[in-house]
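Undergrad: What follows is a structure written as structure tokens; I'll ask about it next.
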Amino acid sequence: MSKRVRVRFAPSPTGGLHLGGVRTVLFNYLFAKQHGGDFILRIEDTDQSRFVPGAEAYIFNTLKWCGLTPDESPLHGGPHAPYRQSERKERYRQYAEQLVTAGHAYYAFDTPAELEAMRNNFKTTDNPSPQYNHLLREKMRNALTMDPAEVKRLADEGVPHVIRIKMPVNETISFTDMIRGEVSFNTSQVDDKVLMKADGMPTYHLAVVVDDYQMQISHAFRGEEWLPSAPVHLLLWKYLGWETDMPQWAHLPLILKPDGNGKLSKRDGDRLGFPVFAMDWTDPKTNETTIGFRERGFLPEAFVNMLAMLGWNDGTDQEIFSLKDLVHKFSIDRVHKGGAKFDYEKAKWYNHEWIKRSEAAVLEPEVKPLLEKNGIAVSDHQLLSKAIELVKERCTLLPDFVQQAAFFFRLPAVIDTDAIKPKWDDKKNLFFTELIRTYELSTLWEAGGLETAFKELAAANQLKPGELMLPLRIMLVGGKFGPGVFDIAALIGKTETLRRIEFTLKQLENQH
RNA sequence: GCCCGGUUCGUCUAUCGGCUAGGACAGCCCCCUUUCACGGGGCAAAGACGGGUUCGAUUCCCGUACCGGGUACCA
């Protein structure tokens, strides 16, 4: 009884892939996988003016990073190839003509200038944007108003023209949206949308219906901004005689700006200082790079988790979900109807949680290049692994590891002796000199032993250990941060520990 | 303007008509930690408004307000 689930995402390669787009993919993917179906990626490279060459590859890379690999796509192919709209061009015309023959669509010869004139002429304060609708179509240059012979002549001569859908008058058209329930429209309120453009390319309206039919799509998820044109698509399915094959629709809520009003845009990220694209995007025209979540130091798991929670939850207090959990627990009827404002602080919290929960082995391949990029050579994998384990709970973004873990691999770049100096005296100097001697003799080099020895020596010198631990920390890591001092000493080893103590001692002496 | 959608703490959200309205982020306070974090505890913070229906409404219905989307030979 149940049709095979085939959900489809159809981005337009216009550059970058922002949060809303990735979330649409995510929900498509989750639903498909949950039902053992396929996630199909179709590319809408129809609009020449906005098509950006590198963007298609960028979309693939983004999906790959997120772990949302499509089952069928222009890259992977599939039983319904091609998946690029431009490569399916010749398939659309026949259906447009079929609609014309059936009287559901018509040729229109109005030039862009004539359309603009129409909009100006009929514009009133009550109606600021006149539509090419059932009333106005009677006043325009189209097959409904012109002599059929004239229409034929112009068409034969190759005079540029479009094909428009002929919207019926005053009919109610309704459908059940998986998220919103029953939604209905009056056809008189919808304009005669262009189906085929003068350049021979279909518009989204025709293309999406034809492709969804031919690709046997069973479920279509898209942004809420498409809701108003849903009646056009519904009618097309009906007029083409495919009504029983129509996919089920789900219109997803929008992701909104954190402040103020409106859809989240790339500009908001620039303005407020956070990414809105999943990965770095360099516009080939302007050569301008927009930073992505990946490059900011987000883990894909955290990014996906954050996105899923922006508009969905499972009804419990659980907030951390892996992609696997999501596939298991996701349900379309728990997707919200209202838009959600994006909160970068919360996004960072998800990343922090994922870093804390990740094994060092998972983090290593991310952290190592970051350290090396900052001139820190990492040769000892054991050391790296242990260092990550020790500092990961204080890293919110991946680059935080550079600051938090650098001192495990080299002498601290700067030593904050100013933090020691005010309370530094000969007694402390003596203590550390003795500490070096004590540690030199120690045979077992582990945190507990080092701490005991440290405290015993402090007591012998009639000093409080607390006053001595900060100086030791500064000597070893350079500043007031990092995990337990003795853990650090244990990890960097005897030679390095003693070297650092001596180094700072000498510095303090010189500065004296 | 018209059409469609939406409306619970500052933000993301929970609530099958029974509510002392719960959780999380952010904020503040305390504990733990002789660093920074993690962790633990606490404080403050919400049902847009007006009508119905009901023993009872945040929940259902209507209206208003506000917000968002659409109103292109863009998607």
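Labels for the structure tokens follow display order: chains A, B, ..., residues from 1 in each chain, ligands from 1.
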Select residues of chain A: the criterion is any atom within 6 Å of an atom of chain B, counting only C-alpha atoms (C1' of nucleotides); output as an MDAnalysis selection string.
TA: chainID A and resid 126:127 197 225 228 317 338 346 394 466 480:482
Undergrad: Which of range 241-475 of chain A end up as strand (DSSP E) when DSSP is run on this backbone - answer as a list in words?
TA: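 Here are the strand (DSSP E) residues of range 241-475 of chain A: Gln248, Trp249, Ala250, His251, Leu252, Ile255, Leu256, Trp281, Thr282, Thr289, Thr290, Ala340 and Lys341 of chain A.
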Undergrad: Write to file, as a tab-separated table (two decimals), in the first residue's frame, the residues of the selection just made, with N, CA and C atoms.
TA:
```
chain	number	residue	atom	x	y	z
A	248	GLN	N	3.24	14.15	-0.86
A	248	GLN	CA	2.71	14.83	0.32
A	248	GLN	C	3.61	16.02	0.61
A	249	TRP	N	2.99	17.11	1.00
A	249	TRP	CA	3.76	18.33	1.21
A	249	TRP	C	4.02	18.61	2.68
A	250	ALA	N	5.17	19.22	2.91
A	250	ALA	CA	5.47	19.73	4.25
A	250	ALA	C	6.18	21.07	4.06
A	251	HIS	N	5.58	22.11	4.58
A	251	HIS	CA	6.21	23.43	4.49
A	251	HIS	C	6.84	23.78	5.83
A	252	LEU	N	8.16	23.85	5.80
A	252	LEU	CA	8.95	24.06	7.02
A	252	LEU	C	8.98	25.53	7.44
A	255	ILE	N	13.86	30.17	9.40
A	255	ILE	CA	14.81	30.55	10.45
A	255	ILE	C	14.98	32.06	10.36
A	256	LEU	N	14.73	32.70	11.49
A	256	LEU	CA	14.68	34.16	11.53
A	256	LEU	C	15.94	34.79	12.10
A	281	TRP	N	32.32	29.96	2.10
A	281	TRP	CA	31.88	30.12	0.72
A	281	TRP	C	32.60	31.32	0.12
A	282	THR	N	33.31	31.08	-0.98
A	282	THR	CA	33.97	32.18	-1.67
A	282	THR	C	33.22	32.47	-2.95
A	289	THR	N	34.98	35.99	0.78
A	289	THR	CA	34.71	34.75	1.50
A	289	THR	C	33.79	34.99	2.70
A	290	THR	N	32.77	34.16	2.80
A	290	THR	CA	31.88	34.20	3.94
A	290	THR	C	32.20	32.99	4.80
A	340	ALA	N	11.71	30.27	13.88
A	340	ALA	CA	12.54	30.35	15.08
A	340	ALA	C	13.68	31.32	14.85
A	341	LYS	N	13.93	32.16	15.85
A	341	LYS	CA	15.07	33.07	15.77
A	341	LYS	C	16.34	32.29	16.07
```
Undergrad: Please provide the set of residues having any atom within 8 Å of Pro399 in chain A, restricted to only C-alpha atoms (C1' of nucleotides), with same-chain residues fewer than 2 positions apart removed, written as a list in words.
TA: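 Surrounding residues, per the criterion: Arg296, Gly297, Val367, Leu370, Leu397, Phe401, Val402 and Gln403 of chain A.
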Undergrad: Take the residues just selected and output them with C-alpha atoms as a PDB file, in the first residue's frame.
TA:
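Contents of again.pdb, as written:
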```
ATOM      1  CA  ARG A 296      34.645  28.534  12.878  1.00  0.00           C
ATOM      2  CA  GLY A 297      35.349  25.254  14.601  1.00  0.00           C
ATOM      3  CA  VAL A 367      42.821  19.479  16.397  1.00  0.00           C
ATOM      4  CA  LEU A 370      44.822  23.502  13.860  1.00  0.00           C
ATOM      5  CA  LEU A 397      35.045  25.851  19.433  1.00  0.00           C
ATOM      6  CA  PHE A 401      42.358  23.845  21.532  1.00  0.00           C
ATOM      7  CA  VAL A 402      45.253  25.931  20.255  1.00  0.00           C
ATOM      8  CA  GLN A 403      45.236  28.164  23.307  1.00  0.00           C
TER       9      GLN A 403
END
```
Undergrad: Would you work out the distance separating CA of Gln131 in chain A from CA of Asp192 in chain A, expressed in Å to one decimal?
TA: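 Distance reported for this atom pair: 8.0 Å.
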Undergrad: If you run DSSP over the backbone, which residues in range 226-381 of chain A end up alpha helix (DSSP H)? Put them as a ChimeraX atom specification.
TA: /A:230-239,266-272,293-296,300-309,323-329,344-357,360-373,381
Undergrad: Neighbouring residues of Glu72 in chain A were defined as those with any atom within 12 Å, considering only C-alpha atoms (C1' of nucleotides); residues of the same chain fewer than 4 positions away were excluded. Please report them as a list in words.
TA: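 Close residues of Glu72 in chain A: Arg6, Val7, Arg8, Phe9, Ala10, Tyr29, Gly37, Asp38, Phe39, Ile40, Leu41, Arg42, Ile43, Phe60, Leu68, His76, Gly77, Gly78, Pro79, His80, Ala81, Pro82, Tyr83, Arg84, Met215 and Ile217 of chain A.
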Undergrad: How would the residues just chosen look if you wrote them out with N, CA, C and O atoms as a short mmCIF file (atom, residue, chain, number, x, y, z; two decimals), in the first residue's frame?
TA:
```
data_model
loop_
_atom_site.label_atom_id
_atom_site.label_comp_id
_atom_site.auth_asym_id
_atom_site.auth_seq_id
_atom_site.Cartn_x
_atom_site.Cartn_y
_atom_site.Cartn_z
N ARG A 6 10.40 8.73 -1.30
CA ARG A 6 11.46 9.41 -2.04
C ARG A 6 11.29 10.90 -1.77
O ARG A 6 10.36 11.52 -2.25
N VAL A 7 12.16 11.43 -0.96
CA VAL A 7 12.04 12.85 -0.67
C VAL A 7 13.10 13.61 -1.45
O VAL A 7 14.14 13.06 -1.80
N ARG A 8 12.81 14.84 -1.71
CA ARG A 8 13.64 15.57 -2.66
C ARG A 8 13.96 16.95 -2.15
O ARG A 8 13.14 17.64 -1.59
N PHE A 9 15.21 17.32 -2.30
CA PHE A 9 15.61 18.69 -2.00
C PHE A 9 16.14 19.27 -3.30
O PHE A 9 16.86 18.60 -4.03
N ALA A 10 15.77 20.49 -3.58
CA ALA A 10 16.14 21.08 -4.85
C ALA A 10 16.69 22.49 -4.68
O ALA A 10 15.99 23.46 -4.84
N TYR A 29 16.22 14.32 4.75
CA TYR A 29 17.06 13.14 4.97
C TYR A 29 16.51 12.28 6.09
O TYR A 29 16.38 11.06 5.95
N GLY A 37 13.58 5.01 2.96
CA GLY A 37 13.47 5.51 1.60
C GLY A 37 14.74 6.19 1.12
O GLY A 37 15.79 6.08 1.74
N ASP A 38 14.62 6.91 0.01
CA ASP A 38 15.78 7.56 -0.58
C ASP A 38 15.66 9.07 -0.50
O ASP A 38 14.58 9.62 -0.60
N PHE A 39 16.80 9.69 -0.34
CA PHE A 39 16.86 11.14 -0.34
C PHE A 39 17.45 11.57 -1.68
O PHE A 39 18.58 11.21 -2.03
N ILE A 40 16.66 12.28 -2.42
CA ILE A 40 17.04 12.67 -3.78
C ILE A 40 17.40 14.14 -3.85
O ILE A 40 16.66 15.00 -3.37
N LEU A 41 18.55 14.42 -4.45
CA LEU A 41 18.96 15.81 -4.61
C LEU A 41 18.82 16.20 -6.08
O LEU A 41 19.45 15.62 -6.95
N ARG A 42 17.97 17.18 -6.28
CA ARG A 42 17.78 17.69 -7.63
C ARG A 42 18.30 19.12 -7.60
O ARG A 42 18.13 19.83 -6.63
N ILE A 43 18.98 19.52 -8.66
CA ILE A 43 19.56 20.86 -8.66
C ILE A 43 18.79 21.77 -9.61
O ILE A 43 18.54 21.42 -10.75
N PHE A 60 27.36 19.90 -2.50
CA PHE A 60 27.72 18.50 -2.23
C PHE A 60 28.65 18.40 -1.04
O PHE A 60 28.48 17.55 -0.17
N LEU A 68 24.94 14.06 5.31
CA LEU A 68 23.62 13.93 4.69
C LEU A 68 23.75 13.61 3.21
O LEU A 68 23.21 14.30 2.36
N HIS A 76 26.01 11.60 -7.96
CA HIS A 76 25.96 10.15 -7.79
C HIS A 76 25.15 9.46 -8.87
O HIS A 76 25.22 8.25 -9.02
N GLY A 77 24.33 10.23 -9.57
CA GLY A 77 23.46 9.62 -10.56
C GLY A 77 22.31 8.90 -9.89
O GLY A 77 22.07 9.08 -8.69
N GLY A 78 21.61 8.09 -10.66
CA GLY A 78 20.47 7.37 -10.11
C GLY A 78 19.51 7.01 -11.23
O GLY A 78 19.72 7.39 -12.39
N PRO A 79 18.46 6.27 -10.89
CA PRO A 79 17.54 5.76 -11.90
C PRO A 79 16.75 6.83 -12.64
O PRO A 79 16.16 6.54 -13.68
N HIS A 80 16.74 8.04 -12.13
CA HIS A 80 15.95 9.07 -12.79
C HIS A 80 16.81 10.21 -13.30
O HIS A 80 16.37 11.34 -13.41
N ALA A 81 18.09 9.91 -13.57
CA ALA A 81 19.01 10.92 -14.07
C ALA A 81 18.49 11.48 -15.40
O ALA A 81 17.77 10.77 -16.11
N PRO A 82 18.83 12.68 -15.78
CA PRO A 82 19.68 13.61 -15.03
C PRO A 82 18.92 14.32 -13.91
O PRO A 82 17.71 14.42 -13.95
N TYR A 83 19.70 14.81 -12.95
CA TYR A 83 19.09 15.48 -11.79
C TYR A 83 19.30 16.99 -11.83
O TYR A 83 18.96 17.67 -10.88
N ARG A 84 19.93 17.43 -12.92
CA ARG A 84 20.12 18.87 -13.08
C ARG A 84 18.99 19.38 -13.96
O ARG A 84 18.75 18.85 -15.04
N MET A 215 10.31 11.57 -11.21
CA MET A 215 11.24 10.96 -10.27
C MET A 215 10.51 10.20 -9.16
O MET A 215 11.13 9.71 -8.23
N ILE A 217 8.65 11.14 -6.70
CA ILE A 217 8.84 11.68 -5.35
C ILE A 217 7.55 11.47 -4.55
O ILE A 217 6.46 11.74 -5.03
#
```
Undergrad: With a distance cut-off of 12 Å and only C-alpha atoms (C1' of nucleotides), select the neighbouring residues of Asn461 in chain A, excluding the residue or stretch itself and same-chain residues fewer than 2 positions from it, and output the selection as a ChimeraX atom specification.
TA: /A:426-435,454-459,463-465,468
Undergrad: Please produce an output containing N, CA, C and O atoms for each residue in the selection, written as an mmCIF file, in the first residue's frame.
TA:
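part.cif, written as the output of this step:
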```cif
data_model
loop_
_atom_site.group_PDB
_atom_site.id
_atom_site.type_symbol
_atom_site.label_atom_id
_atom_site.label_comp_id
_atom_site.auth_asym_id
_atom_site.auth_seq_id
_atom_site.Cartn_x
_atom_site.Cartn_y
_atom_site.Cartn_z
ATOM 1 N N ASP A 426 62.163 35.497 48.294
ATOM 2 C CA ASP A 426 63.282 34.555 48.352
ATOM 3 C C ASP A 426 62.860 33.190 48.857
ATOM 4 O O ASP A 426 63.381 32.167 48.430
ATOM 5 N N LYS A 427 61.867 33.204 49.756
ATOM 6 C CA LYS A 427 61.410 31.923 50.299
ATOM 7 C C LYS A 427 60.831 31.047 49.208
ATOM 8 O O LYS A 427 61.062 29.844 49.153
ATOM 9 N N LYS A 428 60.059 31.694 48.357
ATOM 10 C CA LYS A 428 59.445 30.942 47.262
ATOM 11 C C LYS A 428 60.497 30.513 46.240
ATOM 12 O O LYS A 428 60.460 29.406 45.708
ATOM 13 N N ASN A 429 61.424 31.421 46.033
ATOM 14 C CA ASN A 429 62.501 31.105 45.105
ATOM 15 C C ASN A 429 63.250 29.870 45.590
ATOM 16 O O ASN A 429 63.521 28.943 44.821
ATOM 17 N N LEU A 430 63.486 29.845 46.861
ATOM 18 C CA LEU A 430 64.192 28.722 47.473
ATOM 19 C C LEU A 430 63.374 27.442 47.340
ATOM 20 O O LEU A 430 63.892 26.385 47.001
ATOM 21 N N PHE A 431 62.074 27.605 47.591
ATOM 22 C CA PHE A 431 61.189 26.440 47.487
ATOM 23 C C PHE A 431 61.292 25.800 46.112
ATOM 24 O O PHE A 431 61.449 24.580 45.986
ATOM 25 N N PHE A 432 61.224 26.607 45.087
ATOM 26 C CA PHE A 432 61.247 26.039 43.733
ATOM 27 C C PHE A 432 62.607 25.445 43.373
ATOM 28 O O PHE A 432 62.692 24.459 42.660
ATOM 29 N N THR A 433 63.647 26.046 43.924
ATOM 30 C CA THR A 433 64.968 25.484 43.694
ATOM 31 C C THR A 433 65.051 24.085 44.317
ATOM 32 O O THR A 433 65.568 23.148 43.714
ATOM 33 N N GLU A 434 64.465 23.981 45.518
ATOM 34 C CA GLU A 434 64.453 22.671 46.182
ATOM 35 C C GLU A 434 63.525 21.704 45.475
ATOM 36 O O GLU A 434 63.769 20.514 45.414
ATOM 37 N N LEU A 435 62.432 22.278 44.938
ATOM 38 C CA LEU A 435 61.467 21.426 44.231
ATOM 39 C C LEU A 435 62.145 20.749 43.039
ATOM 40 O O LEU A 435 61.930 19.571 42.775
ATOM 41 N N PHE A 454 55.167 17.793 46.440
ATOM 42 C CA PHE A 454 55.066 19.249 46.421
ATOM 43 C C PHE A 454 54.574 19.780 47.763
ATOM 44 O O PHE A 454 55.149 20.699 48.340
ATOM 45 N N LYS A 455 53.547 19.136 48.282
ATOM 46 C CA LYS A 455 52.951 19.608 49.528
ATOM 47 C C LYS A 455 53.848 19.343 50.731
ATOM 48 O O LYS A 455 53.914 20.156 51.661
ATOM 49 N N GLU A 456 54.535 18.222 50.697
ATOM 50 C CA GLU A 456 55.453 17.915 51.806
ATOM 51 C C GLU A 456 56.573 18.936 51.857
ATOM 52 O O GLU A 456 56.950 19.439 52.907
ATOM 53 N N LEU A 457 57.073 19.273 50.693
ATOM 54 C CA LEU A 457 58.165 20.243 50.626
ATOM 55 C C LEU A 457 57.691 21.622 51.095
ATOM 56 O O LEU A 457 58.413 22.353 51.781
ATOM 57 N N ALA A 458 56.451 21.949 50.710
ATOM 58 C CA ALA A 458 55.891 23.239 51.126
ATOM 59 C C ALA A 458 55.799 23.305 52.648
ATOM 60 O O ALA A 458 56.189 24.295 53.262
ATOM 61 N N ALA A 459 55.313 22.193 53.231
ATOM 62 C CA ALA A 459 55.167 22.152 54.680
ATOM 63 C C ALA A 459 56.529 22.297 55.358
ATOM 64 O O ALA A 459 56.681 23.024 56.341
ATOM 65 N N LEU A 463 55.428 26.922 54.089
ATOM 66 C CA LEU A 463 54.705 27.701 53.076
ATOM 67 C C LEU A 463 53.380 27.025 52.788
ATOM 68 O O LEU A 463 53.251 25.799 52.888
ATOM 69 N N LYS A 464 52.381 27.850 52.433
ATOM 70 C CA LYS A 464 51.095 27.261 52.077
ATOM 71 C C LYS A 464 51.139 26.797 50.622
ATOM 72 O O LYS A 464 51.525 27.579 49.744
ATOM 73 N N PRO A 465 50.730 25.557 50.378
ATOM 74 C CA PRO A 465 50.791 25.050 48.997
ATOM 75 C C PRO A 465 50.016 25.934 48.011
ATOM 76 O O PRO A 465 50.407 26.106 46.871
ATOM 77 N N LEU A 468 51.817 28.518 46.255
ATOM 78 C CA LEU A 468 52.884 28.044 45.375
ATOM 79 C C LEU A 468 52.356 27.418 44.089
ATOM 80 O O LEU A 468 53.067 27.272 43.105
#
```
Undergrad: Rounded to one decimal, what separation in Å do you get between CA of Met246 in chain A and CA of Asp191 in chain A?
TA: 21.8 Å
Undergrad: Have a look at A:Leu264, A:Ile179, A:Val208, A:Ile163 and name the one nearest to Glu224 in chain A; count only C-alpha atoms.
TA: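 Smallest distance to Glu224 in chain A is found for A:Ile179.
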